[in-house]
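Some notes on the structure that comes next.
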Amino acid sequence: MTKYAVMNDETLVEICLLGESGAFEELVMRHENAVMNTAKRITGSRFTAEDASQDAFVSAWMRLDSLRDRSKFKPWVCAIAKNCAMALLTRYRSVVPDISLHLVENEELSDNPDPELSALLSSETDEELHALVDALGEKLRETIRLHYFEGYSVAEIADLLSVPVGTVKWRLAEGRKQLRKGYGIVGKEYNENETLVSRVMRQVEELKLWQFKRDKTGFEEDYKNVLAAVEALDESKEKQHMLADVWLRGAWWIPGKANEEVFSEIKQAALAGHNDDVMQSVAAREYNKVPFGEERMKFMRDTQIPELLAGGFSKAAGMVSFWCGVELGDLGRMEEAYEAFEKTISLLEPTNVYYAIALSAIWTEKKLVEAIAAGDEDAGVAYMGETCQRIGEKWYFWQEPGYYRREGIDDIEIAPLYWLSRCGELIDDPDMKPGDTRTSADGKSTMTCRLAEKPVVTPAGTFENCFEFRTTDKSRRDADTTTFIAPGIGVVEQINHPLKWRIVLKGYRINGGDGRIPFAVGNRWEYHIEKEGHLIEDEQVMEVTGVTDSLAAMSIGIFARLRYDENSWFGCTLAARNEYFIPDGENSGHLVDVEKYLAGAERTAKTRREKVHTAVANKVMRSIFETDDVFNPAYTEKLRWTFFELYAPWKKGDSLCLGESDRTYSFELKDWFWKDGKSCFDMFAVGCNFLYDIVNFALGALWSDKWIPGYSENRKFKQYGDMDVSGRIKVCEDEAVETPVGSFLACRHLVADMQGGYGYWSGHTEFWFAEGVGLVKFLRTITECGEPWKNAVWLLTEMTGTGKGFFPMEDGFFRKYEAQGLENGYHGSVEYTYLEDEQGLTIFMAAFGTQDRSEYLKQEGKEV
């Protein structure tokens, strides 16, 4: 008996509000039967009642201070349970309207099958339910069919199958449970013998699985519930361990949660709870604040690693040791780099992703050193570690740290599981059959399964009866991939359609493992990549280093001799993009003449897409050289801020979104030293030449049909996954706008005030959209320069094509915008060229920012 057992409810509530979580645990134990019975009277089902009961107690904990009469806890929490049960019942019936819950979930199985459920299961009209029954495992499927389809009693099934009656009941209960999940109704697991701490631990582990969802809508609610459950626990090492996990996910995925104070609390909880996984994130955040090179390497080697080892954080120390090895390699100190990689291996288990990547780092880096010593200028390496996680019977892609040496090698690195997993991180679902399609939670990506029409021929052999998986993503055109999998062997061929590469299996060794992609220690796959525009000699190896029931780790190493095919458009385009600039340091570098590649792209462009792409990209690239004082001593304007990007816009409900830039082709060059405060306003105004990106950033879309006068909305999100942004947008009354291309009446006027993210994108911004044209005017208030604020204004100055709506997009459109009223010789402009073909709609962006030569020299204190 605990000290709380003799206290009445009123006293328990009072001391619980004072911070004693054990008091609330007593309230749960004291009233859980009453709460369960209340919920069960509504649902008719023990399983659903357990869900509602758990929700009720979590809700009661979070709202405990609202209970005025502390002695009325029991009727109060029962009333909450009633509401929770009704809410669940409504939800379940909306998903499965034809199945009564007490029939589907009733745990007391009679000898006679339920007539209503039996009729439903035997109905030929409910194809979805039949498909779900067919998808059950063999034993569950057989038992469900015997009971509901053929009318056998529990006892008769036990005799037929020669199993105990209890086994039959369990199979029927498990089968019904899986049918609920198939309909999207995932009940909470509940075990009455499970301790409160272990139950909360399981909730924390479930919270971590949000990593698989790109759309984090709904995460904050789950986060608050799990955090409340953790904070309700008595103080212990386990509680601190869980707090570190939960707080870290909040900092990652909830806007406004990531700041120094929060990360200090996360670190303290990780130290107190000895959370080695969280300490990896803490350590990475700390060393990323230190400049690259010698300073960062010494901080890792001399400060972080000793401190982590002294605290017993071997995982974090192993991770830091790996990245210390990378820094040493960048400094040319390869023997010390090998020692750092070996230290990583000695500290970690084979199932750790950094153990895996350290193995591949050693052999690839040694081969590169040998190649360079032999005068091989075309050689480069890449190395990665990958982990996949199994949840139930499904495998998901989990993480993939990596590094490469030589620009362009990242274009040819193998990552077949990464590209396969572009639909909700799913790698393999054993229940997925030919004809099935899976859609990610955010609705952006899909994976479709079919049988390959013919055998797949590779250097490793010919493989028959392969599965073919097609993965697509609305917001990322480069995710359009076809993967061929030979069951029991793995990926034998993979084709990325937009990036124009194909990997084929060159050799393999399978020591064991089951499923379509077998994971067993020592399983090894060797691949070769063929990529349009490249001439490639490569060694690309993926090998399993460690496996548990729920995790597999792979080491991936790539050594390649990479040359560009100067007789192909793709080869010339990528050569120009990858070779034009050589970094000399973190914020410096020099240009390399790539005119032969620019001319080659113009010579070899065949399709309309290739010709438009070449015209826009070459204009930007040549402007970089024309404004460089070394390549063009007679320059008239000095480069400041120039970019080439291309986007694949996509629809999300009633909104039009810009989509991600295709990094295969994009390039940029900017004067790294402009942030010296000279001509600050003009430079910040020029930095706004990412107009469409700023619209998409501030408003959440390029256009939404909900934007009518009077509309307003609070926004909170993370830019690039780690920068907190929040603010408000509102739609003002329509008004007229004058531009160099004409007058536009009744322009839709939107105002956004955002804080956080990239400084020159946030702040106060205003946008004017003309029907049939799109964006015609942009304004940003510049406040960063330590001087009275000023408005940077951009106007539409050239255009081709009109259409329907406030942001029309059609093939052949062209829009040019220019910054107005800049001083100190600055010029800013951006051009958008639209092209639509069989690959879809693409927007090519050419952004320019320059300064007159005379003003530049004057600013730098040089003779004009």
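Numbering starts fresh at 1 for the residues of each chain in the structure tokens, the chains themselves are lettered A, B, ... in the order given, and ligands are numbered from 1 as they appear.
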Exercise for review: Do a neighbour search on Cys747 of chain A at 8 Å with only C-alpha atoms, toss out local chain neighbours closer than 3 positions, and write the hits as an MDAnalysis selection string.
Suggested key: chainID A and resid 734:737 744 768:771
Hey, can you spit out that residue selection with N, CA and C atoms as a compact mmCIF listing (two decimals), in the first residue's frame?
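That gives us selection.txt:
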# COMPACT_ATOMS: atom_id res chain seq x y z
N ASP A 734 -8.69 45.22 -52.55
CA ASP A 734 -8.03 45.31 -53.85
C ASP A 734 -7.68 46.76 -54.17
N GLU A 735 -6.58 46.94 -54.90
CA GLU A 735 -6.19 48.30 -55.26
C GLU A 735 -5.43 48.28 -56.58
N ALA A 736 -5.31 49.43 -57.21
CA ALA A 736 -4.64 49.56 -58.50
C ALA A 736 -3.13 49.66 -58.29
N VAL A 737 -2.36 49.15 -59.29
CA VAL A 737 -0.90 49.18 -59.25
C VAL A 737 -0.38 49.64 -60.61
N PHE A 744 -2.64 48.08 -63.59
CA PHE A 744 -3.44 46.91 -63.26
C PHE A 744 -4.45 47.32 -62.19
N TRP A 768 1.32 42.23 -54.43
CA TRP A 768 0.16 42.61 -55.23
C TRP A 768 0.05 41.68 -56.42
N PHE A 769 -1.12 41.06 -56.60
CA PHE A 769 -1.35 40.11 -57.68
C PHE A 769 -2.45 40.65 -58.60
N ALA A 770 -2.17 40.64 -59.90
CA ALA A 770 -3.17 41.07 -60.89
C ALA A 770 -3.79 39.85 -61.53
N GLU A 771 -5.11 39.86 -61.64
CA GLU A 771 -5.80 38.72 -62.25
C GLU A 771 -5.36 38.56 -63.70
Practice item. Tell me, as a list in words, which residues lie within 9 Å of Val13 of chain A, counting only C-alpha atoms; anything in the same chain fewer than 3 positions away does not count. Key: Asn8, Asp9, Glu10, Cys16, Leu17, Leu18, Ala23, Phe24, Leu27, Leu64, Asp65, Leu67, Arg70, Ser71 and Phe73 of chain A
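Atom pair atom CA of Cys732 of chain A / atom CA of Thr765 of chain A: separated by 13.0 Å.
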Exercise for review: Find the spatial neighbours of Thr783 of chain A, counting only C-alpha atoms, within a cut-off of 12 Å - ignore same-chain residues fewer than 6 positions away - and output them as an NGL selection string.
Suggested key: :A and (680-682 or 684-685 or 759-765 or 789-792)
Go ahead and dump the residues you just picked, C-alpha atoms, as a PDB file, in the first residue's frame.
ATOM      1  CA  CYS A 680      23.596  47.615 -46.746  1.00  0.00           C
ATOM      2  CA  PHE A 681      20.096  48.634 -47.842  1.00  0.00           C
ATOM      3  CA  ASP A 682      20.894  48.219 -51.541  1.00  0.00           C
ATOM      4  CA  PHE A 684      19.478  43.564 -48.922  1.00  0.00           C
ATOM      5  CA  ALA A 685      17.127  44.866 -51.615  1.00  0.00           C
ATOM      6  CA  GLY A 759      16.607  37.345 -42.434  1.00  0.00           C
ATOM      7  CA  TYR A 760      16.323  38.860 -45.893  1.00  0.00           C
ATOM      8  CA  TRP A 761      13.134  36.849 -46.569  1.00  0.00           C
ATOM      9  CA  SER A 762      11.236  37.493 -43.346  1.00  0.00           C
ATOM     10  CA  GLY A 763      10.031  40.727 -41.770  1.00  0.00           C
ATOM     11  CA  HIS A 764       7.318  42.903 -43.269  1.00  0.00           C
ATOM     12  CA  THR A 765       6.474  42.033 -46.873  1.00  0.00           C
ATOM     13  CA  TRP A 789      14.004  51.487 -42.166  1.00  0.00           C
ATOM     14  CA  LYS A 790      13.385  51.746 -45.898  1.00  0.00           C
ATOM     15  CA  ASN A 791      11.139  49.906 -48.326  1.00  0.00           C
ATOM     16  CA  ALA A 792      12.638  47.811 -51.098  1.00  0.00           C
TER      17      ALA A 792
END
Exercise for review: Go through A:Val353, A:Ala361, A:Leu132, A:Leu499 one by one, measure the shortest atom-to-atom distance of each to Tyr338 of chain A using only C-alpha atoms, and give the residue with the smallest value.
Suggested key: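 Checking each candidate against Tyr338 of chain A, we get A:Ala361 as the closest.
One finds atom CA of Met36 of chain A at 15.1 Å from atom CA of Ala87 of chain A.
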Review point. Quick one: distance from atom CA of Ile624 of chain A to atom CA of Val695 of chain A in Å, one decimal?
Key: 26.0 Å
Exercise for review: From a DSSP calculation on the backbone, collect every residue of segment 436-599 of chain A in strand (DSSP E or B) and output the set as an MDAnalysis selection string.
Suggested key: chainID A and resid 437:439 445:451 456:458 461:463 467:473 481:486 490:496 501:509 524:531 534:547 551:564 581:585 588:591
Practice item. Tell me which protein, DNA and RNA residues are within 8 Å of Val204 of chain A, counting only C-alpha atoms, leaving out same-chain ones fewer than 5 positions away, and put them as a ChimeraX atom specification. Key: /A:226,242,245-246
Can I get the selected residues back with N, CA, C and O atoms, as a PDB file, in the first residue's frame?
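Done, and the output landed in selection.pdb:
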ATOM      1  N   VAL A 226       2.137  13.363 -24.853  1.00  0.00           N
ATOM      2  CA  VAL A 226       3.234  12.509 -24.392  1.00  0.00           C
ATOM      3  C   VAL A 226       4.070  13.251 -23.356  1.00  0.00           C
ATOM      4  O   VAL A 226       4.475  12.674 -22.334  1.00  0.00           O
ATOM      5  N   MET A 242      13.507  10.134 -21.043  1.00  0.00           N
ATOM      6  CA  MET A 242      12.349  10.363 -21.908  1.00  0.00           C
ATOM      7  C   MET A 242      12.136  11.844 -22.189  1.00  0.00           C
ATOM      8  O   MET A 242      11.775  12.232 -23.300  1.00  0.00           O
ATOM      9  N   ASP A 245      14.307  12.895 -25.038  1.00  0.00           N
ATOM     10  CA  ASP A 245      13.765  12.445 -26.326  1.00  0.00           C
ATOM     11  C   ASP A 245      12.606  13.324 -26.783  1.00  0.00           C
ATOM     12  O   ASP A 245      12.542  13.748 -27.938  1.00  0.00           O
ATOM     13  N   VAL A 246      11.671  13.584 -25.881  1.00  0.00           N
ATOM     14  CA  VAL A 246      10.465  14.330 -26.245  1.00  0.00           C
ATOM     15  C   VAL A 246      10.809  15.780 -26.559  1.00  0.00           C
ATOM     16  O   VAL A 246      10.369  16.342 -27.575  1.00  0.00           O
TER      17      VAL A 246
END
Review point. Of the candidates A:Glu831, A:Glu349, A:Asp55, A:Asp428, which one gets nearest to Leu796 of chain A if we count only C-alpha atoms?
Key: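 That would be A:Glu831, the residue with the smallest distance to Leu796 of chain A.
With only C-alpha atoms as the atoms that count, the minimum distance from Leu328 of chain A to the choices A:Arg561, A:Lys298, A:Lys315, A:Lys506 is reached by A:Lys298.
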Review point. From the list A:Tyr711, A:Glu14, A:Ser314, A:Glu142, which residue is nearest Ser66 of chain A when using only C-alpha atoms?
Key: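 Among A:Tyr711, A:Glu14, A:Ser314, A:Glu142, it is A:Glu14 that comes nearest to Ser66 of chain A.
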Exercise for review: Could you give me the residues within segment 475-665 of chain A that DSSP places in helix (DSSP H, G or I), as number ranges by chain?
Suggested key: A: 477-479, 569-579, 595-604, 608-626
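With only C-alpha atoms as the atoms that count, the minimum distance from Met542 of chain A to the choices A:Ala356, A:Cys388, A:Ala698, A:Val369 is reached by A:Ala356.
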